[in-house]
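Worksheet: the structure to be examined is printed underneath.
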Amino acid sequence: MKLKFLIITLFTFAMSFAQNKGTVTGTIADKDLNNEPLPFATILIKGTQIGTNTDENGKYKLSVPAGSHTLIIDFLGYEAKEVPFTVKAGETKTINEALGSTSVVLEGLVMETTINREKESALLAEQKKAVVIKQTIGAQEMSRKGVSDAEGAVTKMTGVTKQQGAKNVFVRGLGDRYNSTTMNGMPLPSEDPEYKNISLDFFTSNIIKNIGVNKTFGSDIYGDVGGANIDIVSKELSGNQELEVGISSGFNSQTIGEDFLTLDGGNWLGTVDKNPGVNNLSVYSFKNNINTNQQSNLINTGLNASFGKRYDFENNDSFTMYLVGAFNNDYKYREGKIRQTTSTGLIFQDQDYKKYTYNVSQTLMGNFKYKMENSNSISYNSLYIHSNTQSVGDYLGPNAYEEEGDIEYLRRQQMNNNNLWVNQLLSEFKLNEKIDINLGAAYNMIRTSEPDRRSNKYLYRNGTYSPSINSAGDNERYFANLNEDDFAGKAVATYKFENESKSKLDLGYNFRYTTRDFSAIMFNHRFPTRVPVDINNADGLYNQENIDNGVFELQTGNGTMNSPTVFDPFTYNGTRTINAALTTFTHNLNENLVLVVGGRFEKVLQEVEYATNISNSNTNGIAQIDKNYFLPNLNLKYSLNEKNILRLAGSMSYTLPQFKEVAPFKYQDVSWSSQGNPNLVPSENYNADIKWEFYPDNDEIIAITGFYKHIKNPIARSEIPSGGNTLTYLNVGGSADAMGIELEAKKNIYKVTSEETGKETVLSAGANISYLYTKQDLDEELPQFTNSILSGGKGYDQLQGASPLLINADLTYNVKNENYSLTSSVVVNYFSDRIYSIGTRGFENIIEKGIPTLDFVTQTSLGKHFGISLKAKNLLNPDFRLTRESNGDENPETTLSSYKLGLDFSLGLTYKF
């Protein structure tokens, strides 16, 4: 009886308490994203502990005592709102609001109203809310640090660095073949046969919203990744309309006063004719001269413009278009030294050089998006990039000739022309409250060429220059073309369970089909005897008259005119097909602990057929990989409290040898050559991360990450000790390990806001430091490592390209009010010594020496229309050096390459209509 009375009493009390409460609910929108729902915004009743966050659809619901209150709505990177309201007992009050962000100056653009995915504080908020471990850099941070492209952006992030002489980045010591690049979540091809990933410097800051670097594997990422997936999110219109123009100009301290050499056939826009123009070896009909041209007063130029417009319809549907166009060029001159040694350390090549390089690019991007009232959307993204590099290099000094006092002179003229066209059709559909569908399709096209590379080697003896007679290939004209087509598709369905744990299940399918056709033809000049040449008028020797007189004979890589295959190019043709099924389950185990577990099954078929300048009968001209992979992954997120988060991640992935790495085609550079190895096998990668994050304020973070990677059958670049100093690719041993610690910190040293004027003054500092330990086996049974002085019996070394220590730091001063803003930053980077190439058969490692760099960037906006930016980069101007390690006291460390890049200065002006 007493128990029944107690239950009735408690029930009555609860009912009376509930009757004294009301409910406040609503939807919070993103004003800058056309009032799209704003997930994870903070909702709080002022002066109480009553609060919540908006869900993925921007909705919230709170139970509050009856009476008058003030609702605080906040989101990191947005202006908070306070909304007074009164609610009666039992009443439901609906409060819908939209939050807007502030403005920043962007590289090449100015005073653009940014959306949350560009602001540093907002991206920190997304990082905080996310379950997976991911780091993102947005347009605001890129602008503050003077970053002009995607490559510069990611190298400011923890554990990411760029190796000189390599186009792409290293992440946690793992280079190009271990990483992957996507745009808006869809895969991108490579423009260069030497690389797996597209050059990140193609993507200039004016087309980038943000860049995410995911160092842990998830089911939504293609499995061919061991270091990181780099996802470039392209810009789209924010607001109703936009029209901006910008111009910039600058110079390099080493280049501005030089008489700059340019190759014949090049031009300011970088347009090119790829046709050799030769179909008869007895007729010297090349279209370009060997003699160079000359320029002076070299000023770098940048032009850009963007236009956007939003169209609204009566049913609340909308259509937005956003167009970006840009032109950029720059001139670079450098001088330095190159050397090569024998395995005993004896220097046989010791040359000084001067190199003149001109880069030019044009970019066009369009984003077209149709959004429906029910949040369904369809968008089309198209991106065209043309990039052209023209260089002339002069090399002078001894190079292993037979008589004492012999001097070699080499002039190498080269052009690389790249055309990339990306097309993406992306859609999101909300079928009902439980099911969402995400669909995507992409067609990407690469057309790249190296037309008429001219390499001419002369011997200087007894006061006279004469063409080399050692090999016809010493005087070469080289033509290469690469065509790649890449098709990709995805379909992912998300089912949301009706439970308090907010569980959801993703099921999906990915498809990718890639074809690559590469061809190259070389035209060689065979001189039977030494003849004098005027190196300032080489066309006086290389002409029709001297072919007719028998001074030299024109050949191809396949022989002379008598050969039936003389005009057949060297080729390799690759196809890769990937079919993948994926699933991810997300579950809140409790209020503070979230579990994400997933798996991905991939069927991979890669075939490369080749007919090249290196014979390999073991594979009969075909290299094939046919593999099935099941790739599990796990993520755990534990929120210790509002400001502290602990994360754990584990996964498996793989690394395929790339087309070029398995095709035994020999590519010749000045002091080295490279060739593929058809016997390569894929690597398998096992990854584990643990991370602690602390958020002192909305724009501050302190984070520590520990990671470990285990790689089976690692692939590395290594030397084949031969007269040509040839680099190749090897499965160097049974396994490799990489482990390290990463520290990231962003902190405001001084932050004051004037209540009278609204002027905000901030002095902030940021730094990320990573320490890396790597170890890879060197298989002593491989002939390359037998009796290697390098191994010294230990049978292991560091990973190629891995820097034990990386440091990025910046100090930023920012002041702004309603009509004016100024941001000035000092940015410092440092990497320690790392292996450039692993030594073999007595050759020691080639080491890239560590260097610091220092940049200064300042930007200001004047009113709502004008912006000015000033950049001074590479202020320390350090020596970039490659050295060969010592193999004994008698043979000290030898510098193989050294040069300075010079200081870069630029001034930019922008206007927003």
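All residue names refer to the structure tokens as shown: chains lettered A, B, ... in order, residues numbered from 1 in each chain, ligands numbered from 1 in order.
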Would you pick out the contacts of region 203-211 of chain A at 6 Å or less, using only C-alpha atoms, so that residues sharing its chain but fewer than 2 positions from it are not included, and give the list as a compact mmCIF listing (two decimals) with N, CA and C atoms, in the first residue's frame?
```txt
# COMPACT_ATOMS: atom_id res chain seq x y z
N GLU A 118 35.17 27.81 -45.11
CA GLU A 118 36.41 28.50 -45.43
C GLU A 118 37.08 29.07 -44.19
N THR A 136 41.77 20.03 -41.78
CA THR A 136 41.33 20.80 -42.94
C THR A 136 41.91 22.21 -42.89
N ILE A 137 42.34 22.69 -44.03
CA ILE A 137 42.78 24.08 -44.15
C ILE A 137 41.84 24.79 -45.12
N GLY A 138 41.33 25.95 -44.70
CA GLY A 138 40.36 26.67 -45.51
C GLY A 138 40.96 27.89 -46.18
N ALA A 139 40.12 28.58 -46.97
CA ALA A 139 40.59 29.73 -47.74
C ALA A 139 41.13 30.83 -46.84
N SER A 148 49.31 30.21 -52.26
CA SER A 148 48.70 30.52 -53.56
C SER A 148 48.12 29.30 -54.25
N ASP A 149 48.40 28.07 -53.73
CA ASP A 149 47.88 26.88 -54.39
C ASP A 149 47.74 25.75 -53.37
N ALA A 150 47.18 24.63 -53.83
CA ALA A 150 46.89 23.51 -52.94
C ALA A 150 48.16 22.89 -52.38
N LEU A 200 49.63 19.28 -57.18
CA LEU A 200 48.74 20.10 -56.38
C LEU A 200 48.87 21.58 -56.68
N ASP A 201 50.01 22.00 -57.28
CA ASP A 201 50.14 23.41 -57.59
C ASP A 201 49.29 23.82 -58.78
N ASP A 231 41.69 15.84 -50.23
CA ASP A 231 40.44 16.17 -50.93
C ASP A 231 40.33 17.68 -51.08
N ILE A 232 40.29 18.13 -52.34
CA ILE A 232 40.15 19.55 -52.65
C ILE A 232 38.67 19.85 -52.87
N VAL A 233 38.11 20.72 -52.05
CA VAL A 233 36.70 21.11 -52.18
C VAL A 233 36.65 22.43 -52.94
N SER A 234 36.01 22.42 -54.09
CA SER A 234 36.01 23.60 -54.95
C SER A 234 35.01 24.64 -54.47
N LYS A 235 35.27 25.88 -54.85
CA LYS A 235 34.41 26.99 -54.43
C LYS A 235 33.07 26.96 -55.16
```
Just want the 10 Å neighbourhood of Leu482 (chain A), counted on only C-alpha atoms, with same-chain residues fewer than 4 positions away dropped. Output as an MDAnalysis selection string. chainID A and resid 191:193 418 446:450 516:520 571:573
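Our summary of the geometry notes that CA of Ser306 (chain A) is positioned 15.6 Å from CA of Ile385 (chain A).
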Can you check which residues of region 25-103 of chain A DSSP gives as strand (DSSP E) on the backbone and send them as JSON, numbers by chain? {"A": [25, 26, 27, 28, 29, 30, 36, 37, 42, 43, 44, 45, 51, 52, 53, 59, 60, 61, 62, 63, 64, 65, 67, 68, 69, 70, 71, 72, 73, 74, 81, 82, 83, 84, 85, 86, 87, 92, 93, 94, 97, 98, 99, 103]}
All residues 7 Å or closer to region 539-550 of chain A, only C-alpha atoms, same chain fewer than 6 positions away omitted, as JSON, numbers by chain: {"A": [282, 283, 284, 289, 290, 291, 533]}
Would you export the selected residues with N, CA and C atoms as a short mmCIF file (atom, residue, chain, number, x, y, z; two decimals), in the first residue's frame, please?
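Writing the result to part-v5.cif gives the following:
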```cif
data_model
loop_
_atom_site.label_atom_id
_atom_site.label_comp_id
_atom_site.auth_asym_id
_atom_site.auth_seq_id
_atom_site.Cartn_x
_atom_site.Cartn_y
_atom_site.Cartn_z
N SER A 282 66.31 11.49 -93.77
CA SER A 282 67.27 12.20 -94.61
C SER A 282 66.90 13.66 -94.81
N VAL A 283 65.78 14.07 -94.21
CA VAL A 283 65.31 15.46 -94.33
C VAL A 283 65.23 16.06 -92.93
N TYR A 284 65.98 17.14 -92.69
CA TYR A 284 66.01 17.78 -91.37
C TYR A 284 64.92 18.84 -91.33
N ASN A 289 64.03 25.78 -83.88
CA ASN A 289 65.47 25.93 -83.91
C ASN A 289 66.09 25.39 -82.62
N ILE A 290 67.36 25.07 -82.68
CA ILE A 290 68.10 24.71 -81.47
C ILE A 290 68.63 25.98 -80.79
N ASN A 291 68.93 27.01 -81.55
CA ASN A 291 69.36 28.28 -80.95
C ASN A 291 68.27 28.82 -80.03
N VAL A 533 81.88 23.17 -83.54
CA VAL A 533 80.56 23.76 -83.47
C VAL A 533 80.64 25.07 -82.71
#
```
If we count only C-alpha atoms, what is near Met186 (chain A) at a cut-off of 12 Å, once residues fewer than 3 positions away on the same chain are taken out, given as a PyMOL selection string? chain A and resi 180-183+189+220-222+229-234+381+422-426+439-444+486-491+510-512
Using the selection just defined, write its residues with N, CA and C atoms as a compact mmCIF listing (two decimals), in the first residue's frame.
```
# COMPACT_ATOMS: atom_id res chain seq x y z
N SER A 180 46.64 9.69 -52.18
CA SER A 180 45.63 9.82 -53.22
C SER A 180 45.05 11.23 -53.17
N THR A 181 44.53 11.68 -54.31
CA THR A 181 43.98 13.02 -54.43
C THR A 181 42.59 12.95 -55.03
N THR A 182 41.66 13.66 -54.41
CA THR A 182 40.29 13.73 -54.90
C THR A 182 39.84 15.19 -54.96
N MET A 183 38.78 15.42 -55.72
CA MET A 183 38.16 16.74 -55.78
C MET A 183 36.67 16.54 -55.51
N PRO A 189 42.94 12.13 -61.83
CA PRO A 189 44.07 11.45 -62.48
C PRO A 189 45.34 12.27 -62.33
N ASP A 220 34.73 5.27 -47.35
CA ASP A 220 34.38 6.12 -48.48
C ASP A 220 35.57 6.49 -49.35
N ILE A 221 36.78 6.05 -48.97
CA ILE A 221 38.00 6.40 -49.69
C ILE A 221 38.50 5.17 -50.46
N TYR A 222 38.91 5.36 -51.70
CA TYR A 222 39.50 4.25 -52.46
C TYR A 222 40.67 3.67 -51.70
N ASN A 229 44.65 10.73 -47.89
CA ASN A 229 43.81 11.19 -49.00
C ASN A 229 43.67 12.70 -48.88
N ILE A 230 44.00 13.40 -49.96
CA ILE A 230 43.90 14.86 -50.01
C ILE A 230 42.69 15.22 -50.86
N ASP A 231 41.69 15.84 -50.23
CA ASP A 231 40.44 16.17 -50.93
C ASP A 231 40.33 17.68 -51.08
N ILE A 232 40.29 18.13 -52.34
CA ILE A 232 40.15 19.55 -52.65
C ILE A 232 38.67 19.85 -52.87
N VAL A 233 38.11 20.72 -52.05
CA VAL A 233 36.70 21.11 -52.18
C VAL A 233 36.65 22.43 -52.94
N SER A 234 36.01 22.42 -54.09
CA SER A 234 36.01 23.60 -54.95
C SER A 234 35.01 24.64 -54.47
N ASN A 381 30.15 20.32 -61.81
CA ASN A 381 31.42 21.03 -61.68
C ASN A 381 32.29 20.73 -62.89
N VAL A 422 38.29 18.33 -65.86
CA VAL A 422 37.56 17.58 -64.85
C VAL A 422 36.08 17.89 -65.00
N ASN A 423 35.26 16.84 -65.02
CA ASN A 423 33.81 17.00 -65.09
C ASN A 423 33.17 16.13 -64.01
N GLN A 424 32.32 16.74 -63.19
CA GLN A 424 31.68 16.02 -62.10
C GLN A 424 30.19 16.34 -62.06
N LEU A 425 29.39 15.31 -61.92
CA LEU A 425 27.95 15.46 -61.72
C LEU A 425 27.63 14.84 -60.36
N LEU A 426 27.21 15.68 -59.42
CA LEU A 426 26.99 15.25 -58.04
C LEU A 426 25.56 15.55 -57.63
N LEU A 439 24.72 10.42 -54.99
CA LEU A 439 25.15 9.88 -56.28
C LEU A 439 26.20 10.79 -56.91
N GLY A 440 27.15 10.20 -57.61
CA GLY A 440 28.17 11.00 -58.28
C GLY A 440 28.75 10.28 -59.48
N ALA A 441 29.13 11.05 -60.49
CA ALA A 441 29.80 10.51 -61.67
C ALA A 441 30.84 11.52 -62.11
N ALA A 442 31.96 11.03 -62.61
CA ALA A 442 33.04 11.92 -63.05
C ALA A 442 33.68 11.38 -64.31
N TYR A 443 34.03 12.30 -65.20
CA TYR A 443 34.87 11.98 -66.35
C TYR A 443 36.01 13.00 -66.37
N ASN A 444 37.22 12.48 -66.24
CA ASN A 444 38.39 13.34 -66.23
C ASN A 444 39.30 12.98 -67.41
N ASP A 486 39.71 8.94 -67.41
CA ASP A 486 39.40 8.40 -66.09
C ASP A 486 37.89 8.55 -65.85
N PHE A 487 37.24 7.42 -65.62
CA PHE A 487 35.80 7.40 -65.35
C PHE A 487 35.59 6.91 -63.92
N ALA A 488 34.71 7.59 -63.18
CA ALA A 488 34.45 7.18 -61.80
C ALA A 488 32.97 7.40 -61.48
N GLY A 489 32.46 6.55 -60.62
CA GLY A 489 31.07 6.68 -60.19
C GLY A 489 30.89 6.23 -58.76
N LYS A 490 29.88 6.77 -58.10
CA LYS A 490 29.57 6.35 -56.73
C LYS A 490 28.07 6.41 -56.50
N ALA A 491 27.61 5.53 -55.62
CA ALA A 491 26.22 5.52 -55.17
C ALA A 491 26.22 5.07 -53.72
N ASN A 510 31.40 1.90 -55.43
CA ASN A 510 32.30 2.78 -56.18
C ASN A 510 32.83 2.05 -57.41
N PHE A 511 33.04 2.82 -58.46
CA PHE A 511 33.60 2.27 -59.70
C PHE A 511 34.62 3.25 -60.24
N ARG A 512 35.74 2.71 -60.75
CA ARG A 512 36.72 3.56 -61.42
C ARG A 512 37.39 2.77 -62.53
```
Write out as JSON, numbers by chain which residues come within 9 Å of Leu646 (chain A) when counting only C-alpha atoms, dropping same-chain ones fewer than 2 positions away. {"A": [636, 637, 638, 639, 640, 644, 648, 690, 691, 692, 693]}
Deliver the residues from the most recent selection as a file, using N, CA and C atoms, as a short mmCIF file (atom, residue, chain, number, x, y, z; two decimals), in the first residue's frame.
```
data_model
loop_
_atom_site.label_atom_id
_atom_site.label_comp_id
_atom_site.auth_asym_id
_atom_site.auth_seq_id
_atom_site.Cartn_x
_atom_site.Cartn_y
_atom_site.Cartn_z
N LEU A 636 36.79 5.46 -33.13
CA LEU A 636 36.13 5.71 -31.85
C LEU A 636 36.38 7.15 -31.45
N LYS A 637 35.33 7.82 -30.98
CA LYS A 637 35.46 9.19 -30.48
C LYS A 637 34.86 9.25 -29.08
N TYR A 638 35.66 9.69 -28.12
CA TYR A 638 35.18 9.81 -26.75
C TYR A 638 35.34 11.26 -26.30
N SER A 639 34.21 11.92 -25.99
CA SER A 639 34.22 13.31 -25.52
C SER A 639 34.37 13.31 -24.01
N LEU A 640 35.57 13.67 -23.55
CA LEU A 640 35.81 13.71 -22.11
C LEU A 640 34.96 14.79 -21.47
N ASN A 644 37.47 18.62 -24.40
CA ASN A 644 38.48 17.59 -24.57
C ASN A 644 37.90 16.38 -25.27
N LEU A 648 40.39 7.39 -31.58
CA LEU A 648 41.16 6.20 -31.91
C LEU A 648 40.74 5.73 -33.30
N ILE A 690 45.99 7.42 -32.51
CA ILE A 690 45.31 7.85 -31.29
C ILE A 690 45.57 9.35 -31.14
N LYS A 691 44.52 10.11 -30.85
CA LYS A 691 44.63 11.56 -30.86
C LYS A 691 43.85 12.17 -29.71
N TRP A 692 44.48 13.14 -29.03
CA TRP A 692 43.80 13.94 -28.00
C TRP A 692 43.70 15.36 -28.50
N GLU A 693 42.49 15.96 -28.39
CA GLU A 693 42.25 17.33 -28.83
C GLU A 693 41.70 18.15 -27.67
#
```
List as a ChimeraX atom specification the protein and nucleic acid residues near Tyr771 (chain A), meaning an atom at most 12 Å away when only C-alpha atoms are counted, but skip any in the same chain fewer than 5 places from it. /A:158-160,172-173,704-707,738-744,802-807,831-832
Selected residue of minimal separation from Glu242 (chain A) among A:Phe567, A:Phe307, A:Tyr820, A:Phe866, counting only C-alpha atoms: A:Phe307
Could you pull the residues within 10 Å of Glu818 (chain A), counting only C-alpha atoms, minus those fewer than 4 positions along the same chain, as a VMD selection string? chain A and resid 757 to 760 862 to 864
Output N, CA and C atoms for every residue in the selection just made, as a short mmCIF file (atom, residue, chain, number, x, y, z; two decimals), in the first residue's frame.
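Okay, this is what ended up in out38.cif:
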```cif
data_model
loop_
_atom_site.label_atom_id
_atom_site.label_comp_id
_atom_site.auth_asym_id
_atom_site.auth_seq_id
_atom_site.Cartn_x
_atom_site.Cartn_y
_atom_site.Cartn_z
N THR A 757 33.94 51.05 -30.58
CA THR A 757 34.12 51.09 -32.04
C THR A 757 33.92 49.74 -32.71
N GLY A 758 33.92 48.66 -31.94
CA GLY A 758 33.83 47.33 -32.53
C GLY A 758 35.13 46.84 -33.12
N LYS A 759 36.21 47.61 -32.97
CA LYS A 759 37.51 47.23 -33.49
C LYS A 759 38.06 46.02 -32.74
N GLU A 760 38.51 45.01 -33.50
CA GLU A 760 39.07 43.79 -32.90
C GLU A 760 40.55 43.69 -33.25
N LEU A 862 40.30 47.82 -47.79
CA LEU A 862 39.94 49.22 -47.62
C LEU A 862 38.50 49.39 -48.06
N GLY A 863 37.61 49.53 -47.08
CA GLY A 863 36.20 49.62 -47.41
C GLY A 863 35.66 48.29 -47.89
N LYS A 864 34.62 48.34 -48.68
CA LYS A 864 33.97 47.12 -49.13
C LYS A 864 34.43 46.67 -50.52
#
```
DSSP on the backbone: which residues in region 135-296 of chain A end up as helix (DSSP H, G or I)? Give the answer as a PyMOL selection string. chain A and resi 139-144+150-154+176-178+200-202+205-207
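The spacing separating CA of Asn316 (chain A) from CA of Glu428 (chain A) amounts to 17.0 Å.
Taking CA of Phe479 (chain A) and CA of Gln362 (chain A) as the two end points, the separation is 23.2 Å.
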